[in-house]
>>> print(open('target-v9.cif').read())   # mmCIF, C-alpha atoms
data_final
loop_
_atom_site.label_atom_id
_atom_site.label_comp_id
_atom_site.auth_asym_id
_atom_site.auth_seq_id
_atom_site.Cartn_x
_atom_site.Cartn_y
_atom_site.Cartn_z
CA MET A 1 132.12 214.16 7.36
CA LYS A 2 132.98 211.21 9.61
CA LYS A 3 129.51 211.31 11.14
CA SER A 4 127.89 211.31 7.70
CA ILE A 5 129.86 208.23 6.66
CA ILE A 6 128.93 206.42 9.87
CA ILE A 7 125.26 207.32 9.39
CA ILE A 8 125.34 206.09 5.76
CA LEU A 9 127.07 202.83 6.82
CA PHE A 10 124.48 202.19 9.52
CA LEU A 11 121.52 203.13 7.35
CA PRO A 12 121.09 199.67 5.80
CA LEU A 13 120.89 198.13 9.28
CA VAL A 14 118.23 200.61 10.28
CA LEU A 15 116.26 199.92 7.11
CA SER A 16 116.67 196.19 7.65
CA ALA A 17 115.37 196.51 11.19
CA GLN A 18 112.34 198.40 9.91
CA ASN A 19 111.70 195.58 7.47
CA SER A 20 111.74 192.97 10.24
CA GLU A 21 108.19 191.75 9.80
CA ARG A 22 107.13 188.17 9.36
CA PHE A 23 106.03 187.59 5.79
CA ILE A 24 104.06 184.35 6.04
CA GLY A 25 100.80 183.98 7.89
CA GLU A 26 97.29 182.62 8.02
CA GLY A 27 95.58 182.55 4.66
CA LEU A 28 98.69 182.06 2.56
CA PHE A 29 98.23 179.50 -0.17
CA SER A 30 101.38 178.21 -1.82
CA GLY A 31 102.57 175.54 -4.18
CA LYS A 32 105.84 174.04 -5.27
CA GLY A 33 106.87 172.18 -8.39
CA THR A 34 110.35 170.89 -9.04
CA LEU A 35 112.65 167.96 -9.64
CA ALA A 36 113.59 165.94 -6.57
CA PHE A 37 116.28 163.38 -5.85
CA GLY A 38 116.06 160.35 -3.62
CA MET A 39 118.90 158.44 -1.96
CA PRO A 40 117.71 155.00 -0.77
CA THR A 41 118.99 154.04 2.65
CA ALA A 42 119.09 150.28 1.93
CA TYR A 43 121.20 150.37 -1.23
CA LYS A 44 123.21 152.81 -3.30
CA ALA A 45 121.27 154.58 -6.04
CA THR A 46 119.77 157.89 -7.00
CA ASN A 47 116.05 158.07 -7.68
CA MET A 48 114.65 160.95 -9.67
CA TYR A 49 111.20 162.48 -9.29
CA VAL A 50 109.01 165.29 -10.46
CA SER A 51 107.51 166.61 -7.26
CA GLY A 52 104.80 169.08 -6.48
CA ASN A 53 102.63 170.06 -3.58
CA LEU A 54 99.96 172.48 -2.47
CA GLU A 55 100.02 174.03 0.98
CA TYR A 56 97.60 176.18 2.95
CA TYR A 57 98.60 178.12 6.07
CA ALA A 58 95.71 177.42 8.43
CA GLU A 59 97.25 179.76 10.99
CA ASN A 60 100.44 181.78 11.23
CA ASP A 61 102.60 178.82 12.32
CA VAL A 62 100.73 175.83 10.92
CA SER A 63 100.08 174.66 7.38
CA PHE A 64 98.47 171.62 5.76
CA ARG A 65 100.18 170.19 2.71
CA GLY A 66 99.47 167.48 0.18
CA GLY A 67 101.92 166.49 -2.51
CA LEU A 68 103.13 164.00 -5.07
CA TYR A 69 106.50 162.53 -6.02
CA ILE A 70 106.21 161.10 -9.52
CA PHE A 71 108.98 158.62 -10.22
CA LEU A 72 111.13 159.21 -13.31
CA GLY A 73 113.84 156.57 -12.91
CA THR A 74 116.92 155.35 -11.07
CA SER A 75 120.60 155.78 -11.81
CA GLY A 76 123.78 154.34 -10.31
CA ALA A 77 122.05 151.45 -8.54
CA ASP A 78 124.22 148.76 -6.94
CA THR A 79 121.28 146.37 -6.65
CA LYS A 80 119.72 144.06 -9.23
CA HIS A 81 116.18 144.87 -8.28
CA THR A 82 115.27 148.44 -9.09
CA PHE A 83 111.87 150.00 -9.54
CA SER A 84 109.94 150.78 -12.67
CA LYS A 85 107.35 152.61 -10.57
CA ASN A 86 108.02 154.28 -7.24
CA SER A 87 105.70 157.24 -6.89
CA ALA A 88 104.33 158.56 -3.64
CA CYS A 89 101.53 160.73 -2.33
CA LEU A 90 102.12 162.41 1.05
CA PHE A 91 99.86 164.61 3.18
CA GLY A 92 100.22 166.18 6.60
CA TYR A 93 100.86 169.18 8.78
CA PHE A 94 103.86 171.50 9.00
CA TYR A 95 104.99 173.74 11.81
CA HIS A 96 106.68 176.97 10.72
CA LEU A 97 109.25 178.45 13.06
CA LYS A 98 108.79 182.13 13.84
CA THR A 99 111.07 184.55 12.05
CA ASN A 100 110.92 188.29 11.58
CA ASN A 101 111.71 188.31 7.90
CA HIS A 102 110.96 186.52 4.64
CA LEU A 103 112.64 183.27 5.71
CA ASP A 104 110.32 180.43 6.68
CA PRO A 105 111.95 177.33 8.25
CA TYR A 106 109.58 174.42 8.73
CA ILE A 107 109.26 170.85 9.94
CA GLY A 108 106.43 168.45 9.13
CA LEU A 109 105.02 164.97 9.57
CA GLN A 110 103.46 163.36 6.53
CA PRO A 111 102.02 159.88 6.26
CA GLY A 112 101.22 158.72 2.75
CA ILE A 113 101.05 155.93 0.23
CA SER A 114 103.45 154.63 -2.38
CA TRP A 115 102.70 153.08 -5.75
CA SER A 116 105.65 150.90 -6.63
CA GLN A 117 106.60 148.10 -8.99
CA LEU A 118 109.87 146.27 -9.49
CA LYS A 119 111.42 146.34 -12.93
CA ALA A 120 111.18 142.90 -14.55
CA PRO A 121 114.64 141.61 -15.60
CA GLU A 122 115.21 141.27 -19.33
CA ASN A 123 116.12 137.59 -19.09
CA LEU A 124 114.02 135.89 -16.44
CA LEU A 125 115.75 132.52 -16.93
CA ASN A 126 118.92 133.95 -15.37
CA GLU A 127 117.01 134.89 -12.25
CA PRO A 128 116.73 132.73 -9.13
CA TYR A 129 113.35 131.72 -7.78
CA PRO A 130 111.00 133.36 -6.98
CA TYR A 131 112.11 136.24 -9.24
CA ARG A 132 112.06 133.88 -12.25
CA ILE A 133 108.32 133.29 -11.96
CA SER A 134 107.18 136.54 -10.40
CA GLY A 135 104.66 138.61 -12.28
CA TYR A 136 106.27 141.77 -10.85
CA PRO A 137 102.89 143.19 -9.84
CA PRO A 138 102.49 146.83 -8.83
CA SER A 139 101.87 147.38 -5.16
CA ILE A 140 100.41 150.11 -2.96
CA ASN A 141 101.94 150.47 0.51
CA PRO A 142 101.77 152.96 3.39
CA LEU A 143 104.57 155.43 4.06
CA ALA A 144 105.71 157.54 6.99
CA SER A 145 107.82 160.64 6.55
CA VAL A 146 109.34 163.64 8.28
CA THR A 147 110.39 166.76 6.37
CA MET A 148 112.59 169.73 7.22
CA GLY A 149 113.17 172.71 5.01
CA ILE A 150 113.24 176.43 4.51
CA ASN A 151 111.32 178.82 2.24
CA TYR A 152 112.46 182.23 1.20
CA TYR A 153 109.50 184.36 0.22
CA ALA A 154 111.15 186.62 -2.30
CA SER A 155 108.03 188.47 -3.36
CA LYS A 156 104.28 188.50 -2.93
CA PHE A 157 103.84 185.78 -5.55
CA THR A 158 106.97 183.61 -5.51
CA HIS A 159 109.31 181.82 -3.16
CA LEU A 160 112.41 179.66 -3.22
CA PHE A 161 112.78 176.56 -1.09
CA PHE A 162 115.12 173.76 -0.02
CA GLU A 163 113.93 170.70 1.87
CA VAL A 164 114.98 167.22 2.96
CA SER A 165 112.53 164.41 3.71
CA TYR A 166 113.11 161.03 5.26
CA VAL A 167 110.52 158.58 3.93
CA ASN A 168 110.06 155.12 5.45
CA GLY A 169 108.20 152.22 3.83
CA MET A 170 108.41 148.77 2.25
CA HIS A 171 107.57 147.51 -1.22
CA LEU A 172 105.54 144.34 -0.60
CA SER A 173 104.55 142.11 -3.52
CA ASP A 174 105.13 138.43 -4.32
CA THR A 175 108.93 138.56 -3.91
CA PRO A 176 110.97 139.43 -0.79
CA ALA A 177 110.20 142.94 0.47
CA ILE A 178 112.38 145.80 -0.69
CA SER A 179 112.85 148.96 1.32
CA LEU A 180 111.32 152.17 0.01
CA SER A 181 113.13 154.18 2.67
CA GLU A 182 115.13 157.08 1.34
CA LEU A 183 116.24 160.65 1.83
CA LYS A 184 114.47 162.90 -0.63
CA ILE A 185 115.99 166.26 -1.47
CA ALA A 186 114.11 168.95 -3.33
CA PHE A 187 114.81 172.59 -4.04
CA GLY A 188 113.56 175.18 -6.44
CA PHE A 189 110.80 177.61 -7.05
CA GLY A 190 107.25 177.95 -5.78
CA PHE A 191 104.32 180.30 -6.12
CA ASN A 192 102.15 181.84 -3.44
CA ILE A 193 98.94 183.79 -3.25
CA TRP A 194 97.04 185.19 -0.29
CA ALA A 195 93.76 183.35 -0.09
CA LEU A 196 92.84 185.53 2.88
CA LYS A 197 93.86 189.15 3.31
CA LYS A 198 96.95 189.43 5.48
CA LYS A 199 96.11 190.73 8.96
CA MET B 1 76.11 181.33 36.26
CA ASN B 2 74.73 178.99 38.91
CA ASN B 3 77.15 180.43 41.45
CA GLY B 4 75.80 183.88 40.77
CA VAL B 5 72.14 182.91 41.32
CA TRP B 6 73.05 181.09 44.53
CA CYS B 7 74.82 184.16 45.92
CA LEU B 8 71.81 186.33 45.12
CA GLY B 9 69.37 184.03 46.94
CA VAL B 10 71.40 183.83 50.14
CA ASN B 11 71.96 187.53 50.37
CA ILE B 12 68.33 188.49 49.77
CA ASN B 13 67.40 186.36 52.79
CA VAL B 14 69.96 188.21 54.84
CA SER B 15 68.58 191.54 53.70
CA ILE B 16 64.98 190.57 54.67
CA ARG B 17 66.14 189.80 58.19
CA THR B 18 67.81 193.21 58.55
CA ASN B 19 64.78 195.34 57.59
CA THR B 20 65.69 198.22 59.96
CA TYR B 21 68.36 199.34 57.55
CA SER B 22 66.09 199.81 54.55
CA LYS B 23 68.37 202.18 52.72
CA MET B 24 71.37 199.95 53.21
CA LYS B 25 69.28 197.00 52.14
CA LYS B 26 68.40 198.70 48.89
CA ASN B 27 72.04 199.42 48.19
CA ILE B 28 73.05 195.89 49.03
CA ILE B 29 70.39 194.50 46.69
CA TYR B 30 71.57 196.78 43.88
CA LEU B 31 75.14 195.68 44.51
CA LEU B 32 74.18 192.04 44.55
CA LEU B 33 72.14 192.34 41.39
CA LEU B 34 75.14 193.97 39.78
CA SER B 35 77.48 191.30 41.12
CA VAL B 36 75.33 188.60 39.48
CA ASN B 37 76.02 190.27 36.17
CA ILE B 38 79.73 190.45 36.93
CA ILE B 39 79.90 186.80 37.99
CA TYR B 40 77.86 185.76 34.96
CA GLY B 41 80.24 187.69 32.72
CA GLN B 42 83.24 185.92 34.25
CA GLU B 43 81.65 182.51 33.79
CA THR B 44 80.95 183.22 30.11
CA LYS B 45 84.57 184.17 29.59
CA ASN B 46 85.75 180.91 31.15
CA GLU B 47 83.48 178.87 28.92
CA THR B 48 84.81 180.44 25.75
CA ASN B 49 88.34 179.54 26.90
CA THR B 50 87.58 175.83 27.17
CA HIS B 51 88.32 173.31 24.44
CA ALA B 52 84.82 171.85 24.45
CA GLY B 53 83.29 171.88 21.00
CA GLU B 54 86.56 171.79 19.11
CA PHE B 55 86.58 169.77 15.91
CA SER B 56 89.98 168.84 14.55
CA PHE B 57 91.45 166.94 11.65
CA GLY B 58 94.69 164.98 11.88
CA ALA B 59 97.12 162.89 9.89
CA ARG B 60 98.64 159.87 11.63
CA THR B 61 101.43 157.35 11.31
CA THR B 62 101.05 154.09 13.22
CA GLY B 63 103.58 151.39 14.01
CA SER B 64 102.39 147.88 14.90
CA LEU B 65 104.36 145.33 16.93
CA PHE B 66 103.99 141.83 18.40
CA SER B 67 101.17 140.39 16.31
CA SER B 68 100.60 136.65 16.04
CA SER B 69 102.46 136.76 12.71
CA GLY B 70 105.69 137.47 14.60
CA ASN B 71 107.51 140.38 16.17
CA TYR B 72 107.86 142.46 13.03
CA LEU B 73 107.33 146.19 12.85
CA GLY B 74 104.54 147.31 10.56
CA ILE B 75 104.22 150.89 9.36
CA GLY B 76 100.90 152.51 8.66
CA ALA B 77 99.30 155.67 7.38
CA GLY B 78 95.93 157.14 8.18
CA GLY B 79 93.83 160.00 9.36
CA GLN B 80 91.52 160.99 12.16
CA ILE B 81 88.98 163.53 13.25
CA ARG B 82 88.36 164.57 16.83
CA TYR B 83 85.38 166.16 18.49
CA ARG B 84 85.90 167.39 22.03
CA VAL B 85 82.78 166.81 24.09
CA ASP B 86 83.98 168.77 27.12
CA GLU B 87 87.17 169.85 28.87
CA LYS B 88 87.89 166.35 30.18
CA LEU B 89 86.55 164.23 27.32
CA ASN B 90 87.50 163.98 23.67
CA THR B 91 86.46 161.58 20.92
CA GLU B 92 88.68 160.34 18.12
CA TRP B 93 87.40 158.75 14.90
CA PHE B 94 90.22 157.13 12.98
CA GLY B 95 91.17 155.09 9.94
CA ASP B 96 94.50 153.30 9.58
CA TRP B 97 96.20 151.00 7.13
CA MET B 98 99.33 149.12 8.17
CA ALA B 99 101.67 146.90 6.18
CA THR B 100 104.15 144.49 7.76
CA ASP B 101 106.91 142.51 6.12
CA VAL B 102 106.80 139.06 7.75
CA GLY B 103 110.40 137.89 7.79
CA GLY B 104 110.96 138.60 4.09
CA LEU B 105 108.64 135.67 3.30
CA GLY B 106 105.25 137.30 3.23
CA GLN B 107 103.25 140.28 4.28
CA ARG B 108 100.43 141.28 6.53
CA HIS B 109 98.03 144.16 5.93
CA ASP B 110 95.73 145.50 8.65
CA ALA B 111 93.05 148.11 8.12
CA HIS B 112 91.35 149.68 11.15
CA ILE B 113 88.40 152.00 11.31
CA GLY B 114 87.06 152.93 14.69
CA GLU B 115 86.40 155.29 17.55
CA SER B 116 88.24 156.06 20.78
CA MET B 117 87.34 158.08 23.83
CA ILE B 118 90.10 160.26 25.26
CA ILE B 119 89.95 161.16 28.94
CA TYR B 120 92.17 163.85 30.43
CA PRO B 121 92.85 163.19 34.11
CA GLY B 122 94.97 166.33 34.59
CA LYS B 123 93.78 169.77 35.63
CA GLN B 124 94.95 171.76 32.63
CA SER B 125 94.79 170.73 29.02
CA GLY B 126 95.57 172.08 25.60
CA ARG B 127 97.76 174.98 26.64
CA LYS B 128 100.44 176.17 24.25
CA ASN B 129 103.85 174.51 24.71
CA SER B 130 102.54 172.00 27.22
CA PHE B 131 101.91 168.27 27.43
CA THR B 132 98.40 166.97 28.08
CA PRO B 133 98.48 163.31 29.12
CA TYR B 134 95.43 161.16 28.52
CA VAL B 135 93.95 157.70 28.76
CA ILE B 136 92.51 156.43 25.49
CA GLY B 137 90.23 153.50 24.77
CA GLY B 138 87.63 152.41 22.26
CA PHE B 139 86.67 149.90 19.63
CA CYS B 140 87.19 149.36 15.93
CA GLY B 141 86.41 147.19 12.97
CA ASP B 142 89.37 145.49 11.36
CA TYR B 143 90.30 143.76 8.12
CA THR B 144 93.45 141.61 8.04
CA ILE B 145 95.04 139.83 5.13
CA ILE B 146 98.21 137.72 5.33
CA GLU B 147 99.90 136.76 2.07
CA THR B 148 102.93 134.65 1.37
CA ASN B 149 105.51 135.57 -1.20
CA LEU B 150 105.92 133.04 -4.01
CA TYR B 151 107.26 129.83 -2.41
CA PHE B 152 107.79 126.22 -3.48
CA ASP B 153 105.11 123.92 -2.15
CA ALA B 154 106.61 120.40 -2.07
CA GLY B 155 103.17 118.78 -1.70
CA GLN B 156 101.84 120.33 -4.88
CA ASN B 157 105.29 120.45 -6.53
CA GLU B 158 104.82 124.04 -7.70
CA TYR B 159 105.34 127.65 -6.69
CA LEU B 160 102.40 129.15 -4.91
CA LYS B 161 101.28 132.43 -3.42
CA VAL B 162 98.75 131.91 -0.66
CA SER B 163 96.63 134.50 1.11
CA LYS B 164 94.03 134.39 3.85
CA ASP B 165 91.95 137.15 5.31
CA ARG B 166 89.40 137.88 7.99
CA TRP B 167 87.15 140.59 9.36
CA SER B 168 87.11 141.16 13.09
CA PHE B 169 86.13 143.54 15.84
CA ALA B 170 88.67 144.93 18.24
CA THR B 171 88.92 146.92 21.42
CA GLN B 172 91.88 149.06 22.39
CA LEU B 173 93.22 150.77 25.49
CA GLY B 174 96.30 152.86 26.06
CA LEU B 175 98.03 156.00 27.19
CA GLY B 176 99.17 159.06 25.35
CA THR B 177 99.90 162.73 25.43
CA HIS B 178 99.22 165.77 23.28
CA TYR B 179 101.93 168.34 22.89
CA ASN B 180 100.33 171.63 21.94
CA ILE B 181 102.66 173.59 19.69
CA THR B 182 99.97 176.26 19.34
CA GLU B 183 96.51 176.54 20.90
CA LYS B 184 94.99 174.91 17.81
CA PHE B 185 97.77 172.57 16.70
CA ASP B 186 99.05 169.53 18.58
CA VAL B 187 101.26 166.55 17.99
CA SER B 188 100.02 163.46 19.84
CA PHE B 189 101.89 160.34 20.90
CA THR B 190 99.87 157.25 21.81
CA ALA B 191 100.66 153.66 22.80
CA GLN B 192 97.71 151.25 22.77
CA TYR B 193 97.14 147.55 23.12
CA MET B 194 94.50 146.27 20.72
CA ILE B 195 92.72 142.93 21.08
CA HIS B 196 90.93 141.49 18.05
CA PHE B 197 88.00 139.15 18.29
CA GLY B 198 87.39 137.15 15.11
CA SER B 199 88.38 134.02 13.24
CA ASP B 200 91.90 132.95 14.18
CA ILE B 201 94.55 133.86 11.60
CA ASP B 202 98.30 133.71 12.06
CA ALA B 203 101.49 132.73 10.26
CA ASP B 204 104.57 130.66 11.09
CA ILE B 205 107.94 130.56 9.43
CA LEU B 206 108.84 126.95 8.57
CA THR B 207 111.74 125.29 6.77
CA ASP B 208 111.18 122.70 4.00
CA ASN B 209 113.29 119.60 3.22
CA ASN B 210 115.58 121.66 1.00
CA GLY B 211 116.34 124.06 3.80
CA GLN B 212 114.20 126.81 2.26
CA LYS B 213 112.19 128.94 4.65
CA TYR B 214 108.57 129.66 3.85
CA LEU B 215 105.52 131.16 5.48
CA GLN B 216 102.62 128.98 6.50
CA ILE B 217 99.32 130.71 7.18
CA HIS B 218 96.77 129.17 9.54
CA GLN B 219 93.15 130.15 9.68
CA GLY B 220 90.91 128.53 12.26
CA LYS B 221 87.16 128.24 11.92
CA GLU B 222 86.58 129.21 15.52
CA ASN B 223 86.88 132.69 16.90
CA ALA B 224 89.95 133.64 18.90
CA LEU B 225 91.58 136.64 20.55
CA GLU B 226 94.66 138.23 19.05
CA GLY B 227 96.49 141.24 20.43
CA HIS B 228 99.06 143.69 19.14
CA LEU B 229 100.76 146.86 20.33
CA LEU B 230 100.21 150.08 18.40
CA PHE B 231 102.27 153.26 18.53
CA THR B 232 100.75 156.31 16.88
CA ILE B 233 102.11 159.76 16.20
CA SER B 234 99.64 162.24 14.82
CA ALA B 235 99.45 165.93 14.01
CA ASN B 236 96.07 167.59 14.57
CA PHE B 237 94.63 171.00 13.84
CA VAL B 238 91.40 172.48 15.18
CA ILE B 239 89.35 173.42 12.14
CA VAL B 240 86.17 174.57 13.85
CA ASP B 241 85.17 175.41 17.41
CA PHE B 242 81.43 174.75 17.47
CA ARG B 243 80.91 176.32 20.89
CA LYS B 244 83.09 179.35 20.49
CA ASN B 245 80.31 181.93 20.08
CA LYS B 246 77.88 180.52 22.62
#
>>> encode(input="target-v9.cif", output="structure tokens")
Amino acid sequence: MKKSIIIILFLPLVLSAQNSERFIGEGLFSGKGTLAFGMPTAYKATNMYVSGNLEYYAENDVSFRGGLYIFLGTSGADTKHTFSKNSACLFGYFYHLKTNNHLDPYIGLQPGISWSQLKAPENLLNEPYPYRISGYPPSINPLASVTMGINYYASKFTHLFFEVSYVNGMHLSDTPAISLSELKIAFGFGFNIWALKKK
Amino acid sequence: MNNGVWCLGVNINVSIRTNTYSKMKKNIIYLLLLSVNIIYGQETKNETNTHAGEFSFGARTTGSLFSSSGNYLGIGAGGQIRYRVDEKLNTEWFGDWMATDVGGLGQRHDAHIGESMIIYPGKQSGRKNSFTPYVIGGFCGDYTIIETNLYFDAGQNEYLKVSKDRWSFATQLGLGTHYNITEKFDVSFTAQYMIHFGSDIDADILTDNNGQKYLQIHQGKENALEGHLLFTISANFVIVDFRKNK
């Protein structure tokens, strides 16, 4: 009886060990779509984005990804000059650490571009120069970023993820430059299909 | 392959001189003919293990320092393709766009498009989990624009935004290293000094009578040299190996 109980208790471990096979690999095509939050490093605020990306695993450990952060707005800002536009497009490579299960930790480098515009104050006469006479033009500027995160491939077609990105850049227009640097946090749900048959 | 042919030639001469052992000679010739095949097979295997013929695509982030507009750090984004000519020589074709905040008073944008040769002085290169140092140098075409923020011009008694631009050629030289995370995927770190040859353009921070700082842009009619330091980090993946099956 004792032996049977021990065998039953150890059975899940045995089954788990049998299931220890890496899920991701070359030919996997995946995408993510979710809400993301940004915490600027130069001032206190929370930026909100709709974010999405497409990613292709060019080999078992390496993927290429391109994605967008579409700016929705800012809340809780302790600065006068917030953005009306602050969207970004990032592209680059990711390295996926080896695991023997459905978890997929990754780190990536992504340069990119931002499309940003400061929000014009309601009463320009209260503003100091040069903000009083600025046209608040939109501006496109380069970005650099590094991203760390983890996927959990729950099934053949879906996965869950959590990731943190540090994005560095400057909004340059006709007024003093404002930092675009922030920590972006995103988590949620993604889809995946095998573009190539798994080896 | 050449080694194999050379061995065959030498040993046939030896066998002609020792014609009293005709049977042995025959065997030796058979062996040598066979060894040519073996040597040739080994050479072919080595060639397929080289990195020659690899074509890769990369994404890059570049930082720029010490331009004539002041010691401000500019951040850039861009991409590159590489074609490896042989084991010791690679080529890199790149495009970059950098933006620099000049003291909170203006901005400088630099766009580069060019080509660099990469030379590997070391014995081994491109192995997994290893560094491959290199010397890099080349040339590029460049577009630079310096713009002021809105500032009060006392002479004209109004707020102005001034910009000046130029096209130039540049040459660059530096050092770097690949770190191969896998056989096909590397992260590369490069430091280069780039010298531009074109019409002189630079900017100075001045203070007006009211104590307000502003940016003054100078553009000379004559050509001049201007240098800046570039730091690049890039991630590159080999998409195709054009010589793999040869």
>>> interface_residues(input="target-v9.cif", of="chain B", to="chain A", cutoff="10 Å", atoms="only C-alpha atoms", output="short mmCIF file (atom, residue, chain, number, x, y, z; two decimals) with C-alpha atoms, keeping the file's coordinate frame")
data_model
loop_
_atom_site.label_atom_id
_atom_site.label_comp_id
_atom_site.auth_asym_id
_atom_site.auth_seq_id
_atom_site.Cartn_x
_atom_site.Cartn_y
_atom_site.Cartn_z
CA GLY B 58 94.69 164.98 11.88
CA ALA B 59 97.12 162.89 9.89
CA ARG B 60 98.64 159.87 11.63
CA THR B 61 101.43 157.35 11.31
CA THR B 62 101.05 154.09 13.22
CA GLY B 63 103.58 151.39 14.01
CA GLY B 74 104.54 147.31 10.56
CA ILE B 75 104.22 150.89 9.36
CA GLY B 76 100.90 152.51 8.66
CA ALA B 77 99.30 155.67 7.38
CA GLY B 78 95.93 157.14 8.18
CA GLY B 79 93.83 160.00 9.36
CA ASP B 96 94.50 153.30 9.58
CA TRP B 97 96.20 151.00 7.13
CA MET B 98 99.33 149.12 8.17
CA ALA B 99 101.67 146.90 6.18
CA THR B 100 104.15 144.49 7.76
CA ASP B 101 106.91 142.51 6.12
CA VAL B 102 106.80 139.06 7.75
CA GLY B 103 110.40 137.89 7.79
CA GLY B 104 110.96 138.60 4.09
CA LEU B 105 108.64 135.67 3.30
CA GLY B 106 105.25 137.30 3.23
CA GLN B 107 103.25 140.28 4.28
CA ARG B 108 100.43 141.28 6.53
CA HIS B 109 98.03 144.16 5.93
CA GLU B 147 99.90 136.76 2.07
CA THR B 148 102.93 134.65 1.37
CA ASN B 149 105.51 135.57 -1.20
CA LEU B 150 105.92 133.04 -4.01
CA TYR B 151 107.26 129.83 -2.41
CA PHE B 152 107.79 126.22 -3.48
CA TYR B 159 105.34 127.65 -6.69
CA LEU B 160 102.40 129.15 -4.91
CA LYS B 161 101.28 132.43 -3.42
CA VAL B 162 98.75 131.91 -0.66
CA ILE B 181 102.66 173.59 19.69
CA THR B 182 99.97 176.26 19.34
CA LYS B 184 94.99 174.91 17.81
CA PHE B 185 97.77 172.57 16.70
CA ASP B 186 99.05 169.53 18.58
CA VAL B 187 101.26 166.55 17.99
CA ILE B 233 102.11 159.76 16.20
CA SER B 234 99.64 162.24 14.82
CA ALA B 235 99.45 165.93 14.01
CA ASN B 236 96.07 167.59 14.57
CA PHE B 237 94.63 171.00 13.84
CA VAL B 238 91.40 172.48 15.18
CA ILE B 239 89.35 173.42 12.14
#
>>> resolve_selection(input="target-v9.cif", expression="the PyMOL selection byres ((chain B and resi 231) around 7)", output="ChimeraX atom specification")
/B:62-64,190-192,229-230,232-233
>>> residues_around(input="target-v9.cif", residues="stretch 83-95 of chain B", least_positions_apart="3", cutoff="6 Å", atoms="all atoms listed in the file", output="list of chain:residue names")
B:His51, B:Ala52, B:Gly53, B:Glu54, B:Phe55, B:Gly78, B:Gly79, B:Gln80, B:His112, B:Ile113, B:Gly114, B:Glu115, B:Ser116, B:Met117, B:Ile118, B:Ile119, B:Tyr120
>>> atom_distance(input="target-v9.cif", atom1="atom CA of A:Pro137", atom2="atom CA of A:Phe37")
24.6 Å
>>> resolve_selection(input="target-v9.cif", expression="the PyMOL selection byres ((chain A and resi 194) around 10)", output="list in words")
Ile24, Gly25, Glu26, Gly27, Leu28, Phe29, Ser30, Tyr56, Tyr57, Lys156, Phe157, Asn192, Ile193, Ala195, Leu196, Lys197 and Lys198 of chain A
>>> atom_distance(input="target-v9.cif", atom1="atom CA of B:Ala203", atom2="atom CA of A:Pro128")
24.7 Å
>>> residues_around(input="target-v9.cif", residues="B:Ser199", least_positions_apart="5", cutoff="7 Å", atoms="all atoms listed in the file", output="JSON, numbers by chain")
{"B": [166, 220, 221, 222, 223, 224]}
>>> atom_distance(input="target-v9.cif", atom1="atom CA of B:Phe131", atom2="atom CA of A:Arg65")
24.9 Å
>>> resolve_selection(input="target-v9.cif", expression="the PyMOL selection byres ((chain B and resi 129) around 7)", output="ChimeraX atom specification")
/B:127-128,130,179-182
>>> residues_around(input="target-v9.cif", residues="A:Lys32", least_positions_apart="2", cutoff="9 Å", atoms="only C-alpha atoms", output="ChimeraX atom specification")
/A:30,34,51-55,67,159-161,188-192
>>> closest_residue(input="target-v9.cif", among="A:Ser139, A:Gly149, A:Gly66, A:Ala154", to="A:Lys184", atoms="all atoms listed in the file")
A:Gly149
>>> residues_around(input="target-v9.cif", residues="stretch 96-99 of chain A", least_positions_apart="5", cutoff="7 Å", atoms="all atoms listed in the file", output="JSON, numbers by chain")
{"A": [22, 61, 62, 104, 105, 106, 107]}
>>> axis_aligned_box(input="target-v9.cif", around="stretch 128-146 of chain A", padding_each_side="4 Å", output="AutoDock Vina command-line options")
--center_x 108.6 --center_y 147.7 --center_z -2.0 --size_x 24.3 --size_y 39.9 --size_z 28.6
>>> closest_residue(input="target-v9.cif", among="B:Met194, B:Ala154, B:Ile145, B:Leu65", to="B:Phe169", atoms="all atoms listed in the file")
B:Met194
>>> closest_residue(input="target-v9.cif", among="B:Phe189, B:Phe242, B:Tyr72, B:Phe197", to="B:Thr171", atoms="only C-alpha atoms")
B:Phe197
>>> residues_around(input="target-v9.cif", residues="A:Thr41", least_positions_apart="5", cutoff="9 Å", atoms="all atoms listed in the file", output="PDB file with C-alpha atoms, keeping the file's coordinate frame")
ATOM      1  CA  SER A 179     112.850 148.960   1.320  1.00  0.00           C
ATOM      2  CA  LEU A 180     111.320 152.170   0.010  1.00  0.00           C
ATOM      3  CA  SER A 181     113.130 154.180   2.670  1.00  0.00           C
ATOM      4  CA  GLU A 182     115.130 157.080   1.340  1.00  0.00           C
ATOM      5  CA  LEU A 183     116.240 160.650   1.830  1.00  0.00           C
TER       6      LEU A 183
END
>>> closest_residue(input="target-v9.cif", among="B:Gln212, B:Ser56, B:Thr50, B:Gln172", to="B:Gly138", atoms="all atoms listed in the file")
B:Gln172
